[in-house]
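As stored in model-v4.cif (mmCIF, C-alpha atoms):
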```
data_final
#
loop_
_atom_site.group_PDB
_atom_site.id
_atom_site.type_symbol
_atom_site.label_atom_id
_atom_site.label_comp_id
_atom_site.auth_asym_id
_atom_site.auth_seq_id
_atom_site.Cartn_x
_atom_site.Cartn_y
_atom_site.Cartn_z
ATOM 1 C CA MET J 16 -3.869 24.437 17.328
ATOM 2 C CA ALA J 17 -4.043 26.105 13.952
ATOM 3 C CA GLU J 18 -6.947 25.381 11.674
ATOM 4 C CA PRO J 19 -6.272 23.556 8.381
ATOM 5 C CA TYR J 20 -6.468 26.031 5.525
ATOM 6 C CA LEU J 21 -5.693 23.690 2.653
ATOM 7 C CA GLY J 22 -7.981 21.001 1.272
ATOM 8 C CA ASN J 23 -9.858 23.149 -1.227
ATOM 9 C CA ALA J 24 -9.130 24.378 -4.741
ATOM 10 C CA LYS J 25 -8.737 28.052 -3.792
ATOM 11 C CA SER J 26 -6.128 27.559 -1.041
ATOM 12 C CA THR J 27 -4.247 24.979 -3.091
ATOM 13 C CA SER J 28 -4.100 27.278 -6.126
ATOM 14 C CA GLU J 29 -2.851 30.157 -3.966
ATOM 15 C CA ILE J 30 0.004 28.081 -2.512
ATOM 16 C CA LEU J 31 1.012 26.743 -5.928
ATOM 17 C CA LYS J 32 0.981 30.241 -7.378
ATOM 18 C CA LYS J 33 2.943 31.682 -4.432
ATOM 19 C CA TYR J 34 5.774 29.229 -5.034
ATOM 20 C CA ASP J 35 5.373 29.047 -8.817
ATOM 21 C CA PHE J 36 5.122 25.281 -8.419
ATOM 22 C CA VAL J 37 5.056 23.069 -11.523
ATOM 23 C CA PHE J 38 3.595 19.571 -11.211
ATOM 24 C CA GLN J 39 6.104 16.792 -11.827
ATOM 25 C CA LYS J 40 4.579 14.015 -13.897
ATOM 26 C CA ARG J 41 7.382 11.624 -12.896
ATOM 27 C CA PHE J 42 6.256 11.880 -9.268
ATOM 28 C CA GLY J 43 2.581 11.314 -10.099
ATOM 29 C CA GLN J 44 1.484 14.449 -8.249
ATOM 30 C CA ASN J 45 -2.252 14.960 -7.730
ATOM 31 C CA PHE J 46 -3.225 17.063 -4.712
ATOM 32 C CA LEU J 47 -6.498 16.504 -2.838
ATOM 33 C CA ILE J 48 -8.895 19.464 -2.843
ATOM 34 C CA ASP J 49 -11.872 18.020 -0.942
ATOM 35 C CA GLU J 50 -12.178 18.442 2.846
ATOM 36 C CA HIS J 51 -14.803 15.675 3.164
ATOM 37 C CA VAL J 52 -12.464 13.115 1.589
ATOM 38 C CA LEU J 53 -9.625 14.239 3.873
ATOM 39 C CA GLU J 54 -11.818 13.701 6.934
ATOM 40 C CA LYS J 55 -12.803 10.241 5.648
ATOM 41 C CA ILE J 56 -9.138 9.261 5.300
ATOM 42 C CA ILE J 57 -8.270 10.411 8.828
ATOM 43 C CA ASP J 58 -11.343 8.650 10.252
ATOM 44 C CA ALA J 59 -10.589 5.428 8.332
ATOM 45 C CA ALA J 60 -7.030 5.416 9.691
ATOM 46 C CA GLU J 61 -8.430 5.866 13.222
ATOM 47 C CA ILE J 62 -5.774 8.445 14.083
ATOM 48 C CA GLY J 63 -5.653 9.227 17.798
ATOM 49 C CA LYS J 64 -3.631 11.515 20.044
ATOM 50 C CA ASP J 65 -1.137 8.764 20.936
ATOM 51 C CA ASP J 66 -0.388 7.770 17.345
ATOM 52 C CA PHE J 67 2.839 8.222 15.400
ATOM 53 C CA VAL J 68 1.993 8.522 11.708
ATOM 54 C CA ILE J 69 4.246 8.174 8.674
ATOM 55 C CA GLU J 70 2.778 10.096 5.756
ATOM 56 C CA ILE J 71 4.129 9.160 2.336
ATOM 57 C CA GLY J 72 4.017 11.948 -0.241
ATOM 58 C CA PRO J 73 2.591 14.881 1.725
ATOM 59 C CA GLY J 74 2.700 17.121 -1.354
ATOM 60 C CA ILE J 75 1.948 20.656 -0.175
ATOM 61 C CA GLY J 76 0.879 19.461 3.290
ATOM 62 C CA THR J 77 -2.883 19.268 2.799
ATOM 63 C CA MET J 78 -3.497 15.975 4.589
ATOM 64 C CA THR J 79 -0.520 16.557 6.882
ATOM 65 C CA GLN J 80 -2.393 19.385 8.578
ATOM 66 C CA TYR J 81 -5.347 17.108 9.321
ATOM 67 C CA LEU J 82 -3.060 14.327 10.546
ATOM 68 C CA ALA J 83 -1.104 16.685 12.793
ATOM 69 C CA ASP J 84 -4.321 17.884 14.442
ATOM 70 C CA ARG J 85 -5.189 14.307 15.438
ATOM 71 C CA ALA J 86 -1.859 12.510 15.949
ATOM 72 C CA ARG J 87 0.910 12.784 18.516
ATOM 73 C CA GLN J 88 3.531 13.122 15.773
ATOM 74 C CA VAL J 89 3.736 12.961 11.986
ATOM 75 C CA LEU J 90 6.788 12.082 9.893
ATOM 76 C CA ALA J 91 6.106 13.477 6.415
ATOM 77 C CA VAL J 92 8.300 11.828 3.759
ATOM 78 C CA GLU J 93 8.427 13.757 0.479
ATOM 79 C CA ILE J 94 10.619 12.799 -2.492
ATOM 80 C CA ASP J 95 10.314 16.112 -4.405
ATOM 81 C CA LYS J 96 12.793 18.603 -2.938
ATOM 82 C CA LYS J 97 10.900 21.485 -4.559
ATOM 83 C CA LEU J 98 8.004 20.797 -2.203
ATOM 84 C CA ILE J 99 10.102 21.063 0.984
ATOM 85 C CA PRO J 100 9.975 24.888 1.291
ATOM 86 C CA ILE J 101 6.222 24.776 0.623
ATOM 87 C CA LEU J 102 5.757 22.176 3.391
ATOM 88 C CA GLN J 103 7.855 24.259 5.769
ATOM 89 C CA ASP J 104 5.458 27.127 5.099
ATOM 90 C CA THR J 105 2.116 25.290 5.197
ATOM 91 C CA LEU J 106 3.063 23.300 8.318
ATOM 92 C CA LYS J 107 4.770 26.062 10.281
ATOM 93 C CA ASP J 108 1.877 26.258 12.794
ATOM 94 C CA TRP J 109 2.261 22.597 13.783
ATOM 95 C CA ASN J 110 5.138 21.642 16.071
ATOM 96 C CA ASN J 111 4.490 17.868 15.867
ATOM 97 C CA VAL J 112 5.495 17.397 12.212
ATOM 98 C CA GLU J 113 8.911 16.418 10.905
ATOM 99 C CA ILE J 114 9.514 16.827 7.172
ATOM 100 C CA VAL J 115 11.981 14.505 5.457
ATOM 101 C CA ASN J 116 13.131 14.824 1.840
ATOM 102 C CA GLN J 117 13.663 11.170 0.913
ATOM 103 C CA ASP J 118 12.516 8.326 -1.312
ATOM 104 C CA ILE J 119 10.305 6.152 0.896
ATOM 105 C CA LEU J 120 11.658 2.999 -0.797
ATOM 106 C CA LYS J 121 15.191 3.878 0.347
ATOM 107 C CA MET J 122 14.288 4.715 3.949
ATOM 108 C CA ASP J 123 14.784 2.441 6.930
ATOM 109 C CA LEU J 124 11.244 2.709 8.269
ATOM 110 C CA ALA J 125 11.851 0.164 11.020
ATOM 111 C CA ALA J 126 14.583 2.475 12.325
ATOM 112 C CA ALA J 127 12.222 5.448 12.083
ATOM 113 C CA ALA J 128 9.584 3.531 14.063
ATOM 114 C CA GLU J 129 12.205 2.773 16.699
ATOM 115 C CA GLU J 130 13.423 6.361 16.883
ATOM 116 C CA TYR J 131 10.076 8.129 16.927
ATOM 117 C CA ASN J 132 7.753 5.498 18.398
ATOM 118 C CA GLY J 133 9.888 3.216 20.557
ATOM 119 C CA GLY J 134 9.465 0.370 18.063
ATOM 120 C CA ARG J 135 5.697 0.300 18.577
ATOM 121 C CA PRO J 136 3.416 -0.207 15.546
ATOM 122 C CA VAL J 137 3.024 2.884 13.367
ATOM 123 C CA LYS J 138 0.177 4.013 11.162
ATOM 124 C CA VAL J 139 0.986 4.822 7.549
ATOM 125 C CA VAL J 140 -1.221 7.218 5.597
ATOM 126 C CA ALA J 141 -0.640 8.160 1.978
ATOM 127 C CA ASN J 142 -2.047 9.499 -1.260
ATOM 128 C CA LEU J 143 0.133 7.262 -3.411
ATOM 129 C CA PRO J 144 1.254 7.877 -6.999
ATOM 130 C CA TYR J 145 -0.423 5.164 -9.038
ATOM 131 C CA TYR J 146 2.736 4.002 -10.779
ATOM 132 C CA ILE J 147 4.444 3.036 -7.522
ATOM 133 C CA THR J 148 1.526 1.901 -5.326
ATOM 134 C CA THR J 149 2.328 -1.815 -5.268
ATOM 135 C CA PRO J 150 6.105 -1.551 -4.616
ATOM 136 C CA ILE J 151 5.527 0.797 -1.667
ATOM 137 C CA ILE J 152 2.789 -1.296 -0.056
ATOM 138 C CA MET J 153 4.719 -4.540 -0.491
ATOM 139 C CA ALA J 154 7.907 -2.974 0.897
ATOM 140 C CA LEU J 155 5.998 -1.864 3.999
ATOM 141 C CA PHE J 156 4.690 -5.391 4.545
ATOM 142 C CA GLU J 157 7.848 -7.315 3.680
ATOM 143 C CA GLU J 158 10.560 -5.279 5.412
ATOM 144 C CA ASN J 159 9.517 -5.938 9.006
ATOM 145 C CA VAL J 160 8.271 -2.419 9.626
ATOM 146 C CA PRO J 161 6.174 -2.520 12.827
ATOM 147 C CA LEU J 162 2.794 -1.649 11.312
ATOM 148 C CA ASP J 163 -0.630 -1.087 12.764
ATOM 149 C CA SER J 164 -2.267 -0.145 9.471
ATOM 150 C CA ILE J 165 -1.784 1.393 6.033
ATOM 151 C CA THR J 166 -4.520 3.758 4.865
ATOM 152 C CA VAL J 167 -3.965 4.809 1.281
ATOM 153 C CA MET J 168 -5.598 6.609 -1.595
ATOM 154 C CA ILE J 169 -4.944 4.474 -4.664
ATOM 155 C CA GLN J 170 -6.321 3.846 -8.130
ATOM 156 C CA LYS J 171 -9.790 2.276 -7.861
ATOM 157 C CA GLU J 172 -8.822 -0.745 -9.987
ATOM 158 C CA VAL J 173 -5.835 -1.496 -7.732
ATOM 159 C CA ALA J 174 -8.069 -1.426 -4.645
ATOM 160 C CA GLN J 175 -10.406 -3.868 -6.397
ATOM 161 C CA ARG J 176 -7.476 -6.203 -7.083
ATOM 162 C CA MET J 177 -6.466 -6.096 -3.419
ATOM 163 C CA GLN J 178 -9.907 -7.329 -2.373
ATOM 164 C CA ALA J 179 -10.483 -9.785 -5.241
ATOM 165 C CA SER J 180 -11.517 -13.421 -4.712
ATOM 166 C CA PRO J 181 -10.238 -16.568 -6.488
ATOM 167 C CA GLY J 182 -11.610 -17.112 -9.970
ATOM 168 C CA THR J 183 -12.321 -13.442 -10.670
ATOM 169 C CA ALA J 184 -10.612 -11.329 -13.329
ATOM 170 C CA ASP J 185 -9.110 -8.959 -10.719
ATOM 171 C CA TYR J 186 -7.600 -11.800 -8.644
ATOM 172 C CA GLY J 187 -3.826 -12.070 -8.772
ATOM 173 C CA ALA J 188 -0.539 -12.002 -6.909
ATOM 174 C CA LEU J 189 -1.343 -8.610 -5.331
ATOM 175 C CA SER J 190 -4.668 -9.918 -3.990
ATOM 176 C CA LEU J 191 -2.952 -12.860 -2.305
ATOM 177 C CA ALA J 192 -0.064 -10.843 -0.893
ATOM 178 C CA VAL J 193 -2.243 -8.125 0.622
ATOM 179 C CA GLN J 194 -4.734 -10.651 2.020
ATOM 180 C CA TYR J 195 -1.894 -12.610 3.631
ATOM 181 C CA TYR J 196 -0.649 -9.575 5.525
ATOM 182 C CA ALA J 197 -3.760 -7.517 6.219
ATOM 183 C CA GLU J 198 -7.501 -7.245 6.518
ATOM 184 C CA THR J 199 -8.804 -4.943 3.770
ATOM 185 C CA LYS J 200 -11.598 -2.410 4.070
ATOM 186 C CA ILE J 201 -12.758 0.169 1.515
ATOM 187 C CA ALA J 202 -13.273 3.517 3.245
ATOM 188 C CA ALA J 203 -14.351 5.712 0.326
ATOM 189 C CA ASN J 204 -14.502 5.954 -3.432
ATOM 190 C CA VAL J 205 -13.117 9.267 -4.675
ATOM 191 C CA PRO J 206 -13.994 10.790 -8.070
ATOM 192 C CA ARG J 207 -11.241 12.362 -10.124
ATOM 193 C CA ASN J 208 -12.622 15.912 -9.675
ATOM 194 C CA CYS J 209 -11.416 15.831 -6.042
ATOM 195 C CA PHE J 210 -7.823 16.349 -7.212
ATOM 196 C CA MET J 211 -5.654 19.049 -8.735
ATOM 197 C CA PRO J 212 -4.636 18.347 -11.422
ATOM 198 C CA ARG J 213 -7.450 15.936 -12.231
ATOM 199 C CA PRO J 214 -6.157 12.373 -12.874
ATOM 200 C CA ASN J 215 -7.496 10.159 -15.655
ATOM 201 C CA VAL J 216 -8.908 7.575 -13.233
ATOM 202 C CA ASP J 217 -11.071 7.427 -10.135
ATOM 203 C CA SER J 218 -9.540 6.608 -6.767
ATOM 204 C CA THR J 219 -10.350 4.601 -3.657
ATOM 205 C CA VAL J 220 -9.314 4.968 -0.042
ATOM 206 C CA ILE J 221 -8.504 1.536 1.367
ATOM 207 C CA CYS J 222 -7.432 0.644 4.883
ATOM 208 C CA LEU J 223 -5.117 -2.351 5.305
ATOM 209 C CA LYS J 224 -5.164 -3.438 8.953
ATOM 210 C CA LYS J 225 -2.072 -5.548 9.571
ATOM 211 C CA TYR J 226 -2.711 -9.020 10.981
ATOM 212 C CA ALA J 227 -0.885 -9.848 14.202
ATOM 213 C CA VAL J 228 -0.679 -13.394 12.784
ATOM 214 C CA PRO J 229 -1.339 -14.190 9.093
ATOM 215 C CA PRO J 230 -4.680 -15.948 8.423
ATOM 216 C CA VAL J 231 -2.882 -19.023 7.054
ATOM 217 C CA SER J 232 0.212 -20.771 8.361
ATOM 218 C CA VAL J 233 2.900 -21.842 5.900
ATOM 219 C CA LYS J 234 6.271 -23.529 6.451
ATOM 220 C CA ASN J 235 8.129 -21.509 3.814
ATOM 221 C CA GLU J 236 6.646 -18.071 3.142
ATOM 222 C CA LYS J 237 9.207 -17.285 0.439
ATOM 223 C CA LEU J 238 8.348 -20.469 -1.468
ATOM 224 C CA MET J 239 4.617 -19.770 -1.250
ATOM 225 C CA PHE J 240 5.073 -16.323 -2.783
ATOM 226 C CA GLY J 241 7.366 -17.824 -5.425
ATOM 227 C CA LEU J 242 4.577 -20.241 -6.403
ATOM 228 C CA ILE J 243 2.085 -17.374 -6.500
ATOM 229 C CA LYS J 244 4.387 -15.302 -8.705
ATOM 230 C CA ALA J 245 4.995 -18.240 -11.071
ATOM 231 C CA SER J 246 1.308 -19.022 -11.405
ATOM 232 C CA PHE J 247 0.329 -15.459 -12.337
ATOM 233 C CA ASN J 248 3.349 -14.759 -14.552
ATOM 234 C CA GLN J 249 1.683 -17.074 -17.065
ATOM 235 C CA ARG J 250 -1.920 -16.683 -16.020
ATOM 236 C CA ARG J 251 -3.454 -18.631 -18.904
ATOM 237 C CA LYS J 252 -1.251 -21.681 -18.385
ATOM 238 C CA THR J 253 -1.930 -24.415 -15.868
ATOM 239 C CA LEU J 254 -0.320 -23.962 -12.476
ATOM 240 C CA ALA J 255 1.926 -26.980 -13.099
ATOM 241 C CA ASN J 256 3.243 -25.433 -16.329
ATOM 242 C CA GLY J 257 3.710 -22.017 -14.732
ATOM 243 C CA ILE J 258 5.803 -23.462 -11.916
ATOM 244 C CA LYS J 259 7.787 -25.720 -14.280
ATOM 245 C CA ASN J 260 8.587 -22.764 -16.563
ATOM 246 C CA ALA J 261 9.606 -20.407 -13.742
ATOM 247 C CA GLY J 262 13.362 -19.937 -13.819
ATOM 248 C CA PHE J 263 13.465 -19.184 -10.086
ATOM 249 C CA LEU J 264 11.842 -22.508 -9.027
ATOM 250 C CA SER J 265 13.361 -25.964 -9.417
ATOM 251 C CA PHE J 266 10.328 -28.256 -9.437
ATOM 252 C CA GLY J 267 9.509 -30.572 -12.339
ATOM 253 C CA ARG J 268 6.008 -31.195 -13.669
ATOM 254 C CA GLU J 269 5.686 -34.588 -11.927
ATOM 255 C CA GLU J 270 6.615 -33.115 -8.550
ATOM 256 C CA VAL J 271 4.082 -30.319 -8.935
ATOM 257 C CA GLU J 272 1.319 -32.655 -10.136
ATOM 258 C CA LYS J 273 1.942 -35.015 -7.196
ATOM 259 C CA ALA J 274 1.764 -32.073 -4.766
ATOM 260 C CA LEU J 275 -1.464 -30.867 -6.370
ATOM 261 C CA THR J 276 -2.978 -34.364 -6.077
ATOM 262 C CA ASP J 277 -1.861 -34.612 -2.441
ATOM 263 C CA CYS J 278 -3.661 -31.306 -1.812
ATOM 264 C CA GLY J 279 -6.833 -32.636 -3.435
ATOM 265 C CA LEU J 280 -6.522 -30.350 -6.465
ATOM 266 C CA PRO J 281 -6.810 -31.221 -10.188
ATOM 267 C CA VAL J 282 -3.454 -31.452 -11.961
ATOM 268 C CA ASN J 283 -4.677 -29.094 -14.707
ATOM 269 C CA ILE J 284 -5.845 -26.339 -12.336
ATOM 270 C CA ARG J 285 -4.831 -22.720 -12.960
ATOM 271 C CA GLY J 286 -3.315 -20.545 -10.268
ATOM 272 C CA GLU J 287 -6.204 -18.078 -10.408
ATOM 273 C CA ALA J 288 -8.491 -20.778 -8.968
ATOM 274 C CA LEU J 289 -6.461 -21.319 -5.768
ATOM 275 C CA SER J 290 -7.218 -19.572 -2.503
ATOM 276 C CA LEU J 291 -4.505 -18.308 -0.183
ATOM 277 C CA ALA J 292 -4.984 -21.387 2.034
ATOM 278 C CA GLN J 293 -4.560 -23.680 -0.988
ATOM 279 C CA PHE J 294 -1.349 -21.939 -2.055
ATOM 280 C CA ALA J 295 -0.056 -22.374 1.507
ATOM 281 C CA ALA J 296 -0.969 -26.092 1.476
ATOM 282 C CA LEU J 297 0.679 -26.587 -1.943
ATOM 283 C CA SER J 298 3.805 -24.813 -0.711
ATOM 284 C CA ASP J 299 3.954 -27.093 2.333
ATOM 285 C CA CYS J 300 3.590 -30.188 0.141
ATOM 286 C CA LEU J 301 6.434 -29.029 -2.134
ATOM 287 C CA THR J 302 8.581 -28.184 0.905
ATOM 288 C CA GLU J 303 8.462 -31.888 1.822
ATOM 289 C CA ILE J 304 9.850 -32.961 -1.584
#
```
As a first step, turn the structure in this file into structure tokens.
Amino acid sequence: MAEPYLGNAKSTSEILKKYDFVFQKRFGQNFLIDEHVLEKIIDAAEIGKDDFVIEIGPGIGTMTQYLADRARQVLAVEIDKKLIPILQDTLKDWNNVEIVNQDILKMDLAAAAEEYNGGRPVKVVANLPYYITTPIIMALFEENVPLDSITVMIQKEVAQRMQASPGTADYGALSLAVQYYAETKIAANVPRNCFMPRPNVDSTVICLKKYAVPPVSVKNEKLMFGLIKASFNQRRKTLANGIKNAGFLSFGREEVEKALTDCGLPVNIRGEALSLAQFAALSDCLTEI
């Protein structure tokens, strides 16, 4: 197997110069140039020789090389068509990588898992552009993709929000959604000088291990997430007001206050104070109305 030759500033600069590559701000491109961080990502994802890995945003193929050395097969999904010839060059020594020029949000990943992995759970690894982190992660969870785990490099503040507890400033709809679907574990904090070009923020590698069964049971998952969305859309208002004012929910104040009382919660409570289990209980109470 060929040795990885990317993952440092010199090799990355040489490849970019060879292809006269210009970074596209609209794609949020920041390429990793630190071998130690790359190893930490692969270790955190627990990539083994039987694994099928979907890599989102392989860039010039830096992490793809490391993944391909460990995994059975890697599907590298890159949106920027200008990077495809570079990937075909940097990955030519690996015969277990397939490069796809597509937008990950428009791909049928469940079909890809079926085609490449017999429908078995896949591992997703990515260095995600900060502007599109949440839509990609939520799409992976919500669209019935058979997932084992998602290991991603994301903005440090976003990782903090994913792990946040009720009553804290970072706690919000993202915290609740991620914690419903997966167990979260921080694998590494990554300073901005580990990238080319250098971003304006520090990053974190977080591993989201998908639950076989969510930690709370709820009768109507869609309603629960609707309540969560309503409560954080107007964070400073009481939960009852947030739900009443949400155009996509049809509950009146009295119905919400009765449900809150039935759940043993104050009628003037704010959404940021409720745990995932309490949102599930409130949703079940409102389902009965």
(request) Report as a ChimeraX atom specification the residues that result from applying the PyMOL selection byres ((chain J and resi 82) around 9) to the structure here. (result) /J:57,62,68,70,78-81,83-86,88-89,140
(request) With a distance cut-off of 9 Å and all atoms listed in the file, select the neighbouring residues of Ala59 of chain J, excluding the residue or stretch itself and same-chain residues fewer than 5 positions from it, and output the selection as an NGL selection string. (result) :J and (54 or 166 or 200-203 or 220-222)
(request) Compile the contact shell of Ala288 of chain J as an MDAnalysis selection string: residues with an atom at most 12 Å away, counting only C-alpha atoms, same-chain residues fewer than 4 positions apart removed. (result) chainID J and resid 179:187 191 243 246:247 250:254 280:281 283:284 292:294
(message) I need the residue nearest Asp163 of chain J from this list: J:Leu297, J:Ala125, J:Ala60, J:Cys278. Use all atoms listed in the file for the distance.
(response) J:Ala60
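Comparing J:Tyr226, J:Tyr146, J:Phe67, J:Phe210 by their smallest distance to Glu50 of chain J, the closest is J:Phe210 (using only C-alpha atoms).
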(message) Which residues are near Asn215 of chain J? Cut-off 12 Å, only C-alpha atoms, ignore same chain within fewer than 3 positions. Put them as a list of chain:residue names.
(response)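 In the requested format, the answer is J:Gly43, J:Asn45, J:Tyr145, J:Gln170, J:Lys171, J:Pro206, J:Arg207, J:Asn208, J:Cys209, J:Phe210, J:Met211, J:Pro212, J:Ser218.
Nearest residue to Met177 of chain J, choosing from J:Leu223, J:Ala295, J:Ile258, J:Ala141 and counting all atoms listed in the file: J:Leu223.
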(request) Go through the shown structure with the PyMOL selection byres ((chain J and resi 234) around 6) and write out the matching residues as JSON, numbers by chain. (result) {"J": [233, 235, 299]}
(request) Given the file shown, enumerate the residues that the PyMOL selection byres ((chain J and resi 157) around 12) captures and present them as a list of chain:residue names. (result) J:Leu120, J:Leu124, J:Ala125, J:Thr149, J:Pro150, J:Ile151, J:Ile152, J:Met153, J:Ala154, J:Leu155, J:Phe156, J:Glu158, J:Asn159, J:Val160, J:Pro161, J:Leu162, J:Ala192, J:Val193, J:Tyr195, J:Tyr196, J:Ala197, J:Lys225, J:Glu236, J:Lys237, J:Phe240
(message) For a quick check of understanding, using all atoms listed in the file, which of J:Ser265, J:Arg87, J:Ser298, J:Pro230 has the smallest distance to Trp109 of chain J?
(response)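 Among J:Ser265, J:Arg87, J:Ser298, J:Pro230, it is J:Arg87 that comes nearest to Trp109 of chain J.
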Sorted by chain and rising residue number, which residues of segment 90-154 of chain J lie within 12 Å of segment 29-34 of chain J, and what are their closest atom pairs and distances in Å to one decimal, counting all atoms listed in the file, as JSON lines?
```
{"residue": "J:Lys97", "atom": "CA", "partner": "J:Tyr34", "partner_atom": "CA", "distance": 9.3}
{"residue": "J:Leu98", "atom": "CA", "partner": "J:Tyr34", "partner_atom": "CA", "distance": 9.2}
{"residue": "J:Ile99", "atom": "CA", "partner": "J:Tyr34", "partner_atom": "CA", "distance": 11.0}
{"residue": "J:Pro100", "atom": "CA", "partner": "J:Tyr34", "partner_atom": "CA", "distance": 8.7}
{"residue": "J:Ile101", "atom": "CA", "partner": "J:Tyr34", "partner_atom": "CA", "distance": 7.2}
{"residue": "J:Leu102", "atom": "CA", "partner": "J:Ile30", "partner_atom": "CA", "distance": 10.1}
{"residue": "J:Asp104", "atom": "CA", "partner": "J:Ile30", "partner_atom": "CA", "distance": 9.4}
{"residue": "J:Thr105", "atom": "CA", "partner": "J:Ile30", "partner_atom": "CA", "distance": 8.5}
```
(request) Could you tell me how far atom CA of Pro144 of chain J lies from atom CA of Ile169 of chain J, in Å and to one decimal? (result) 7.4 Å
(request) Provide the atom CA of Gln178 of chain J to atom CA of Pro229 of chain J distance in Å, to one decimal place. (result)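 Computing it gives 15.9 Å between the two atoms.
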(request) Measuring atom to atom with only C-alpha atoms, identify which of J:Val139, J:Glu130, J:Ile147, J:Glu113 is nearest to Glu61 of chain J. (result)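 Among the listed residues, the smallest separation from Glu61 of chain J belongs to J:Val139.
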(request) For each of J:Ile71, J:Ala255, J:Ala296, J:Ala174, take the minimum atom-to-atom distance to Gly279 of chain J, counting only C-alpha atoms, then give the residue where this is smallest. (result)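 With only C-alpha atoms as the atom set, the closest residue is J:Ala296.
The spacing separating atom CA of Val282 of chain J from atom CA of Ala261 of chain J amounts to 17.2 Å.
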